[in-house]
$ cat data_16.cif   # mmCIF, C-alpha atoms and all ligand atoms
data_work
#
loop_
_atom_site.group_PDB
_atom_site.id
_atom_site.type_symbol
_atom_site.label_atom_id
_atom_site.label_comp_id
_atom_site.auth_asym_id
_atom_site.auth_seq_id
_atom_site.Cartn_x
_atom_site.Cartn_y
_atom_site.Cartn_z
ATOM 1 C CA MET W 1 -1.821 23.320 -10.712
ATOM 2 C CA ALA W 2 -2.594 20.135 -8.861
ATOM 3 C CA VAL W 3 -5.500 20.062 -6.450
ATOM 4 C CA CYS W 4 -6.412 17.511 -3.824
ATOM 5 C CA ASP W 5 -8.526 14.694 -5.307
ATOM 6 C CA LEU W 6 -10.511 14.483 -2.091
ATOM 7 C CA CYS W 7 -11.154 18.041 -0.906
ATOM 8 C CA GLY W 8 -10.034 20.244 -3.799
ATOM 9 C CA SER W 9 -7.485 22.215 -1.748
ATOM 10 C CA ASP W 10 -4.288 23.302 -3.499
ATOM 11 C CA VAL W 11 -2.136 23.543 -0.348
ATOM 12 C CA ASN W 12 1.031 21.426 -0.571
ATOM 13 C CA VAL W 13 -0.469 18.854 -2.892
ATOM 14 C CA THR W 14 1.601 15.680 -3.277
ATOM 15 C CA GLU W 15 1.048 12.198 -4.665
ATOM 16 C CA TYR W 16 -0.209 9.381 -2.500
ATOM 17 C CA GLN W 17 -0.174 5.727 -3.492
ATOM 18 C CA VAL W 18 -3.404 3.803 -3.010
ATOM 19 C CA LYS W 19 -1.815 0.471 -2.165
ATOM 20 C CA PRO W 20 -1.296 -2.230 -3.216
ATOM 21 C CA LYS W 21 -1.739 -0.938 -6.761
ATOM 22 C CA ASP W 22 0.744 1.485 -8.163
ATOM 23 C CA GLU W 23 -1.982 4.091 -8.651
ATOM 24 C CA LYS W 24 -1.649 7.504 -7.157
ATOM 25 C CA VAL W 25 -3.982 10.286 -6.184
ATOM 26 C CA ASN W 26 -3.218 13.904 -5.350
ATOM 27 C CA LEU W 27 -3.656 14.817 -1.712
ATOM 28 C CA CYS W 28 -3.331 18.135 0.080
ATOM 29 C CA GLU W 29 -1.357 18.357 3.280
ATOM 30 C CA THR W 30 -4.442 18.213 5.523
ATOM 31 C CA CYS W 31 -5.891 15.085 3.931
ATOM 32 C CA LYS W 32 -2.542 13.316 3.763
ATOM 33 C CA THR W 33 -1.566 14.040 7.361
ATOM 34 C CA GLN W 34 -4.887 12.790 8.658
ATOM 35 C CA ILE W 35 -4.857 9.678 6.500
ATOM 36 C CA GLU W 36 -1.325 8.773 7.519
ATOM 37 C CA SER W 37 -1.967 9.360 11.218
ATOM 38 C CA GLY W 38 -5.354 7.630 11.117
ATOM 39 C CA ASN W 39 -6.969 10.537 12.982
ATOM 40 C CA LEU W 40 -9.705 11.601 10.620
ATOM 41 C CA ASP W 41 -11.567 14.848 11.232
ATOM 42 C CA GLU W 42 -15.146 14.105 10.266
ATOM 43 C CA ASN W 43 -15.861 17.703 9.274
ATOM 44 C CA HIS W 44 -12.908 17.893 6.929
ATOM 45 C CA PHE W 45 -13.846 14.598 5.356
ATOM 46 C CA ASN W 46 -17.329 15.790 4.433
ATOM 47 C CA CYS W 47 -15.538 16.192 1.104
ATOM 48 C CA LEU W 48 -15.885 12.428 0.660
ATOM 49 C CA ASN W 49 -19.548 13.093 -0.181
ATOM 50 C CA ASP W 50 -18.249 14.311 -3.527
ATOM 51 C CA SER W 51 -15.053 12.325 -4.026
ATOM 52 C CA MET W 52 -16.895 9.009 -3.577
ATOM 53 C CA TRP W 53 -18.492 9.659 -6.995
ATOM 54 C CA SER W 54 -15.143 10.181 -8.725
ATOM 55 C CA GLU W 55 -14.582 8.546 -12.115
ATOM 56 C CA ASN W 56 -11.035 7.765 -11.001
ATOM 57 C CA PRO W 57 -11.003 4.288 -9.377
ATOM 58 C CA ALA W 58 -8.098 5.205 -7.093
ATOM 59 C CA VAL W 59 -10.022 8.187 -5.688
ATOM 60 C CA LYS W 60 -13.147 6.058 -5.333
ATOM 61 C CA VAL W 61 -11.272 3.287 -3.510
ATOM 62 C CA LEU W 62 -9.558 5.708 -1.134
ATOM 63 C CA SER W 63 -12.874 7.453 -0.426
ATOM 64 C CA TYR W 64 -14.456 4.088 0.321
ATOM 65 C CA ARG W 65 -11.742 3.177 2.816
ATOM 66 C CA LEU W 66 -12.019 6.509 4.587
ATOM 67 C CA LEU W 67 -15.817 6.354 4.778
ATOM 68 C CA LYS W 68 -15.453 2.916 6.302
ATOM 69 C CA GLN W 69 -12.958 4.249 8.829
ATOM 70 C CA LEU W 70 -15.406 7.042 9.670
ATOM 71 C CA GLY W 71 -18.233 4.547 10.077
ATOM 72 C CA ARG W 72 -20.329 6.156 7.317
ATOM 73 C CA GLY W 73 -22.331 3.085 6.344
ATOM 74 C CA ASP W 74 -25.052 5.382 4.979
ATOM 75 C CA LEU W 75 -22.726 6.646 2.260
ATOM 76 C CA LEU W 76 -20.993 3.310 1.669
ATOM 77 C CA ASP W 77 -24.384 1.796 0.884
ATOM 78 C CA MET W 78 -24.768 4.248 -1.986
ATOM 79 C CA MET W 79 -21.425 3.417 -3.563
ATOM 80 C CA TYR W 80 -21.004 0.933 -6.335
ATOM 81 C CA LEU W 81 -17.609 -0.707 -6.755
ATOM 82 C CA GLU W 82 -16.617 -3.163 -9.427
ATOM 83 C CA GLU W 83 -15.358 -6.487 -8.133
ATOM 84 C CA ASP W 84 -11.687 -5.610 -8.519
ATOM 85 C CA GLU W 85 -12.267 -2.185 -6.983
ATOM 86 C CA GLN W 86 -13.901 -3.844 -3.988
ATOM 87 C CA ALA W 87 -10.953 -6.199 -3.531
ATOM 88 C CA TRP W 88 -8.647 -3.213 -3.812
ATOM 89 C CA ALA W 89 -10.654 -1.252 -1.252
ATOM 90 C CA ASP W 90 -10.704 -4.194 1.164
ATOM 91 C CA TYR W 91 -6.953 -4.717 0.937
ATOM 92 C CA GLU W 92 -5.162 -4.467 4.218
ATOM 93 C CA GLU W 93 -1.456 -4.150 4.297
ATOM 94 C CA GLU W 94 0.139 -7.361 5.423
ATOM 95 C CA VAL W 95 2.687 -6.955 8.181
ATOM 96 C CA LEU W 96 5.787 -8.829 7.083
ATOM 97 C CA LYS W 97 8.413 -9.951 9.546
ATOM 98 C CA ASP W 98 11.905 -11.297 9.117
ATOM 99 C CA SER W 99 13.298 -14.451 10.737
ATOM 100 C CA ASN W 100 13.715 -12.575 14.029
ATOM 101 C CA GLY W 101 10.244 -11.078 14.048
ATOM 102 C CA ASN W 102 11.370 -7.602 13.022
ATOM 103 C CA ILE W 103 8.862 -5.769 10.860
ATOM 104 C CA LEU W 104 10.031 -5.256 7.277
ATOM 105 C CA LYS W 105 9.312 -2.102 5.301
ATOM 106 C CA ASP W 106 9.882 -0.805 1.791
ATOM 107 C CA GLY W 107 13.502 0.213 1.373
ATOM 108 C CA ASP W 108 14.938 -2.043 4.081
ATOM 109 C CA THR W 109 18.192 -3.930 3.633
ATOM 110 C CA VAL W 110 18.272 -7.609 4.559
ATOM 111 C CA THR W 111 20.608 -10.586 4.424
ATOM 112 C CA VAL W 112 19.588 -14.039 3.281
ATOM 113 C CA ILE W 113 20.022 -16.642 6.064
ATOM 114 C CA LYS W 114 20.094 -19.781 3.910
ATOM 115 C CA ASP W 115 20.760 -20.771 0.312
ATOM 116 C CA LEU W 116 17.574 -20.202 -1.655
ATOM 117 C CA GLU W 117 16.904 -21.728 -5.039
ATOM 118 C CA VAL W 118 15.209 -19.466 -7.525
ATOM 119 C CA LYS W 119 12.454 -21.559 -9.079
ATOM 120 C CA GLY W 120 12.790 -21.983 -12.820
ATOM 121 C CA ALA W 121 15.962 -19.925 -13.024
ATOM 122 C CA GLY W 122 18.488 -22.606 -12.080
ATOM 123 C CA LYS W 123 20.151 -20.140 -9.767
ATOM 124 C CA THR W 124 20.662 -19.863 -6.072
ATOM 125 C CA VAL W 125 20.683 -16.854 -3.808
ATOM 126 C CA LYS W 126 23.538 -17.669 -1.470
ATOM 127 C CA ARG W 127 23.301 -17.492 2.262
ATOM 128 C CA GLY W 128 24.759 -14.196 3.431
ATOM 129 C CA THR W 129 23.737 -12.273 0.302
ATOM 130 C CA THR W 130 22.845 -8.682 1.124
ATOM 131 C CA VAL W 131 19.690 -7.430 -0.525
ATOM 132 C CA LYS W 132 19.042 -3.705 -0.578
ATOM 133 C CA ASN W 133 15.864 -1.760 -1.080
ATOM 134 C CA ILE W 134 13.293 -4.516 -0.614
ATOM 135 C CA ARG W 135 9.661 -3.852 -1.638
ATOM 136 C CA MET W 136 6.351 -5.118 -0.395
ATOM 137 C CA CYS W 137 4.533 -7.181 -3.059
ATOM 138 C CA ASP W 138 1.235 -8.958 -3.781
ATOM 139 C CA THR W 139 2.496 -12.443 -2.882
ATOM 140 C CA PRO W 140 1.723 -13.229 0.763
ATOM 141 C CA GLY W 141 4.787 -13.792 2.943
ATOM 142 C CA HIS W 142 7.198 -12.488 0.312
ATOM 143 C CA ILE W 143 9.009 -9.302 -0.543
ATOM 144 C CA SER W 144 10.203 -8.352 -3.992
ATOM 145 C CA CYS W 145 13.767 -7.297 -4.611
ATOM 146 C CA LYS W 146 16.604 -7.195 -7.104
ATOM 147 C CA VAL W 147 19.569 -9.475 -6.578
ATOM 148 C CA ASP W 148 22.813 -8.908 -8.478
ATOM 149 C CA GLY W 149 23.345 -11.551 -11.148
ATOM 150 C CA ILE W 150 19.824 -12.927 -10.738
ATOM 151 C CA GLY W 151 17.387 -10.086 -11.322
ATOM 152 C CA SER W 152 14.019 -9.232 -9.849
ATOM 153 C CA ILE W 153 12.688 -11.988 -7.601
ATOM 154 C CA TYR W 154 10.400 -12.610 -4.658
ATOM 155 C CA LEU W 155 11.919 -13.878 -1.426
ATOM 156 C CA LYS W 156 10.198 -15.460 1.531
ATOM 157 C CA THR W 157 10.593 -13.181 4.531
ATOM 158 C CA GLU W 158 11.213 -16.055 6.960
ATOM 159 C CA PHE W 159 14.611 -16.572 5.303
ATOM 160 C CA LEU W 160 15.662 -12.943 5.666
ATOM 161 C CA LYS W 161 17.285 -10.974 8.402
ATOM 162 C CA LYS W 162 16.928 -7.224 8.616
ATOM 163 C CA ILE W 163 20.218 -5.341 8.931
HETATM 164 ZN ZN ZN W 201 -7.412 17.429 0.705
#
$ encode --input "data_16.cif" --output "C-alpha cells"
Amino acid sequence: MAVCDLCGSDVNVTEYQVKPKDEKVNLCETCKTQIESGNLDENHFNCLNDSMWSENPAVKVLSYRLLKQLGRGDLLDMMYLEEDEQAWADYEEEVLKDSNGNILKDGDTVTVIKDLEVKGAGKTVKRGTTVKNIRMCDTPGHISCKVDGIGSIYLKTEFLKKI
C-alpha cells in the first residue's frame, strides 16, 4: 500500500508531480490539499523534519520548497542539495499567456494566429491551425504540443490564441 512520502499517512494517497521534472511523489490527501492551496499547517508539516533527509530527490526537493514556504531557514541550512536538485527546487512555474493575455494551462486548446515555420523541419504550422492539449515545457515562452502532420513541437505562446 502506498504511503505519503512526506508524512507517512495512508489516507487517499495519490501521485503528485514535482515540476518541472516528470518525477512524482506519493502524497496523502492532507499534504496534497495544503500544498495545492498554499495554506501550510506548520504542525502537520513537522513531518518535513524527516522527509528532508529522503534518498529520493523528488521528496527532498519538495521538502525543501515547503520548508522555504514555511520560513524554516534553520532546517534549510542543514540540507544539502546537488546543483541540479537546487535548480529544481528553485524552479518557479512560469506563467504563460497567449496573444490576448489569457493564462495558458496544461490541456488547453489554442489556435495559431500566424503561419509559423518549424525550424529544421521544412514545414509550416498554418495560421488557424487548432492545437489541442498543450503542455507547459522547459523552454521559456513556449508550450509543447503535437500538431497533425508535423509531430511534437514547441510553439511560442505569443502566436497562440486560447479557445
Ligand atoms: Zn502526507
$ resolve_selection --input "data_16.cif" --expression "the PyMOL selection byres (((not hetatm)) within 9 of (chain W and resi 201))" --output "list in words"
Val3, Cys4, Asp5, Leu6, Cys7, Gly8, Ser9, Asp10, Val11, Val13, Asn26, Leu27, Cys28, Glu29, Thr30, Cys31, Lys32, His44, Phe45 and Cys47 of chain W
$ write_last_selection --input "data_16.cif" --atoms "C-alpha atoms" --output "PDB file, in the frame of the given file"
ATOM      1  CA  VAL W   3      -5.500  20.062  -6.450  1.00  0.00           C
ATOM      2  CA  CYS W   4      -6.412  17.511  -3.824  1.00  0.00           C
ATOM      3  CA  ASP W   5      -8.526  14.694  -5.307  1.00  0.00           C
ATOM      4  CA  LEU W   6     -10.511  14.483  -2.091  1.00  0.00           C
ATOM      5  CA  CYS W   7     -11.154  18.041  -0.906  1.00  0.00           C
ATOM      6  CA  GLY W   8     -10.034  20.244  -3.799  1.00  0.00           C
ATOM      7  CA  SER W   9      -7.485  22.215  -1.748  1.00  0.00           C
ATOM      8  CA  ASP W  10      -4.288  23.302  -3.499  1.00  0.00           C
ATOM      9  CA  VAL W  11      -2.136  23.543  -0.348  1.00  0.00           C
ATOM     10  CA  VAL W  13      -0.469  18.854  -2.892  1.00  0.00           C
ATOM     11  CA  ASN W  26      -3.218  13.904  -5.350  1.00  0.00           C
ATOM     12  CA  LEU W  27      -3.656  14.817  -1.712  1.00  0.00           C
ATOM     13  CA  CYS W  28      -3.331  18.135   0.080  1.00  0.00           C
ATOM     14  CA  GLU W  29      -1.357  18.357   3.280  1.00  0.00           C
ATOM     15  CA  THR W  30      -4.442  18.213   5.523  1.00  0.00           C
ATOM     16  CA  CYS W  31      -5.891  15.085   3.931  1.00  0.00           C
ATOM     17  CA  LYS W  32      -2.542  13.316   3.763  1.00  0.00           C
ATOM     18  CA  HIS W  44     -12.908  17.893   6.929  1.00  0.00           C
ATOM     19  CA  PHE W  45     -13.846  14.598   5.356  1.00  0.00           C
ATOM     20  CA  CYS W  47     -15.538  16.192   1.104  1.00  0.00           C
TER      21      CYS W  47
END
$ atom_distance --input "data_16.cif" --atom1 "CA of Glu42 (chain W)" --atom2 "CA of Met1 (chain W)"
26.5 Å
$ atom_distance --input "data_16.cif" --atom1 "CA of Cys145 (chain W)" --atom2 "CA of Val125 (chain W)"
11.8 Å
$ closest_residue --input "data_16.cif" --among "W:Met52, W:Met136, W:Leu62, W:Leu76" --to "Asp106 (chain W)" --atoms "all atoms listed in the file"
W:Met136
$ residues_around --input "data_16.cif" --residues "Lys24 (chain W)" --least-positions-apart "4" --cutoff "12 Å" --atoms "only C-alpha atoms" --output "list in words"
Cys4, Asp5, Thr14, Glu15, Tyr16, Gln17, Val18, Lys19, Pro20, Asn56, Pro57, Ala58, Val59, Lys60, Val61 and Leu62 of chain W
$ resolve_selection --input "data_16.cif" --expression "the PyMOL selection byres (((chain W and resi 101) around 10) and not hetatm)" --output "PDB file with C-alpha atoms, in the coordinates of the input"
ATOM      1  CA  LEU W  96       5.787  -8.829   7.083  1.00  0.00           C
ATOM      2  CA  LYS W  97       8.413  -9.951   9.546  1.00  0.00           C
ATOM      3  CA  ASP W  98      11.905 -11.297   9.117  1.00  0.00           C
ATOM      4  CA  SER W  99      13.298 -14.451  10.737  1.00  0.00           C
ATOM      5  CA  ASN W 100      13.715 -12.575  14.029  1.00  0.00           C
ATOM      6  CA  ASN W 102      11.370  -7.602  13.022  1.00  0.00           C
ATOM      7  CA  ILE W 103       8.862  -5.769  10.860  1.00  0.00           C
ATOM      8  CA  LEU W 104      10.031  -5.256   7.277  1.00  0.00           C
ATOM      9  CA  THR W 157      10.593 -13.181   4.531  1.00  0.00           C
ATOM     10  CA  GLU W 158      11.213 -16.055   6.960  1.00  0.00           C
ATOM     11  CA  LYS W 161      17.285 -10.974   8.402  1.00  0.00           C
ATOM     12  CA  LYS W 162      16.928  -7.224   8.616  1.00  0.00           C
TER      13      LYS W 162
END
$ residues_near_point --input "data_16.cif" --point "(16.1, -6.7, 3.4)" --cutoff "6 Å" --atoms "only C-alpha atoms" --output "VMD selection string"
chain W and resid 108 to 110 131 to 132 134 162
$ atom_distance --input "data_16.cif" --atom1 "CA of Glu85 (chain W)" --atom2 "CA of Thr33 (chain W)"
24.2 Å
$ closest_residue --input "data_16.cif" --among "W:Arg127, W:Lys68, W:Lys119, W:Lys105" --to "Ile143 (chain W)" --atoms "all atoms listed in the file"
W:Lys105
$ closest_residue --input "data_16.cif" --among "W:Asp148, W:Asp84, W:Asp115, W:Asp77" --to "Lys21 (chain W)" --atoms "all atoms listed in the file"
W:Asp84
$ residues_around --input "data_16.cif" --residues "Met78 (chain W)" --least-positions-apart "6" --cutoff "12 Å" --atoms "all atoms listed in the file" --output "list in words"
Asn49, Met52, Trp53, Tyr64, Leu67 and Arg72 of chain W
$ decode --input "data_16.cif" --residues "region 87-112 of chain W" --atoms "C-alpha atoms" --output "PDB file, in the first residue's frame"
ATOM      1  CA  ALA W  87      17.919  24.352  -9.605  1.00  0.00           C
ATOM      2  CA  TRP W  88      14.936  22.028  -9.483  1.00  0.00           C
ATOM      3  CA  ALA W  89      13.962  23.242  -6.018  1.00  0.00           C
ATOM      4  CA  ASP W  90      14.287  26.890  -7.056  1.00  0.00           C
ATOM      5  CA  TYR W  91      12.125  26.426 -10.138  1.00  0.00           C
ATOM      6  CA  GLU W  92       9.087  28.617 -10.233  1.00  0.00           C
ATOM      7  CA  GLU W  93       6.359  27.914 -12.663  1.00  0.00           C
ATOM      8  CA  GLU W  94       6.369  30.433 -15.452  1.00  0.00           C
ATOM      9  CA  VAL W  95       3.005  31.998 -16.155  1.00  0.00           C
ATOM     10  CA  LEU W  96       2.438  31.727 -19.888  1.00  0.00           C
ATOM     11  CA  LYS W  97      -0.031  33.934 -21.693  1.00  0.00           C
ATOM     12  CA  ASP W  98      -1.484  33.828 -25.166  1.00  0.00           C
ATOM     13  CA  SER W  99      -1.620  36.740 -27.620  1.00  0.00           C
ATOM     14  CA  ASN W 100      -4.577  38.207 -25.713  1.00  0.00           C
ATOM     15  CA  GLY W 101      -3.006  37.894 -22.290  1.00  0.00           C
ATOM     16  CA  ASN W 102      -5.057  34.875 -21.251  1.00  0.00           C
ATOM     17  CA  ILE W 103      -3.194  32.476 -18.994  1.00  0.00           C
ATOM     18  CA  LEU W 104      -2.414  29.136 -20.638  1.00  0.00           C
ATOM     19  CA  LYS W 105      -2.553  25.836 -18.779  1.00  0.00           C
ATOM     20  CA  ASP W 106      -1.811  22.191 -19.483  1.00  0.00           C
ATOM     21  CA  GLY W 107      -4.591  20.698 -21.571  1.00  0.00           C
ATOM     22  CA  ASP W 108      -5.784  23.947 -23.153  1.00  0.00           C
ATOM     23  CA  THR W 109      -6.783  24.179 -26.800  1.00  0.00           C
ATOM     24  CA  VAL W 110      -5.395  27.048 -28.860  1.00  0.00           C
ATOM     25  CA  THR W 111      -5.362  28.308 -32.430  1.00  0.00           C
ATOM     26  CA  VAL W 112      -2.278  29.568 -34.212  1.00  0.00           C
TER      27      VAL W 112
END
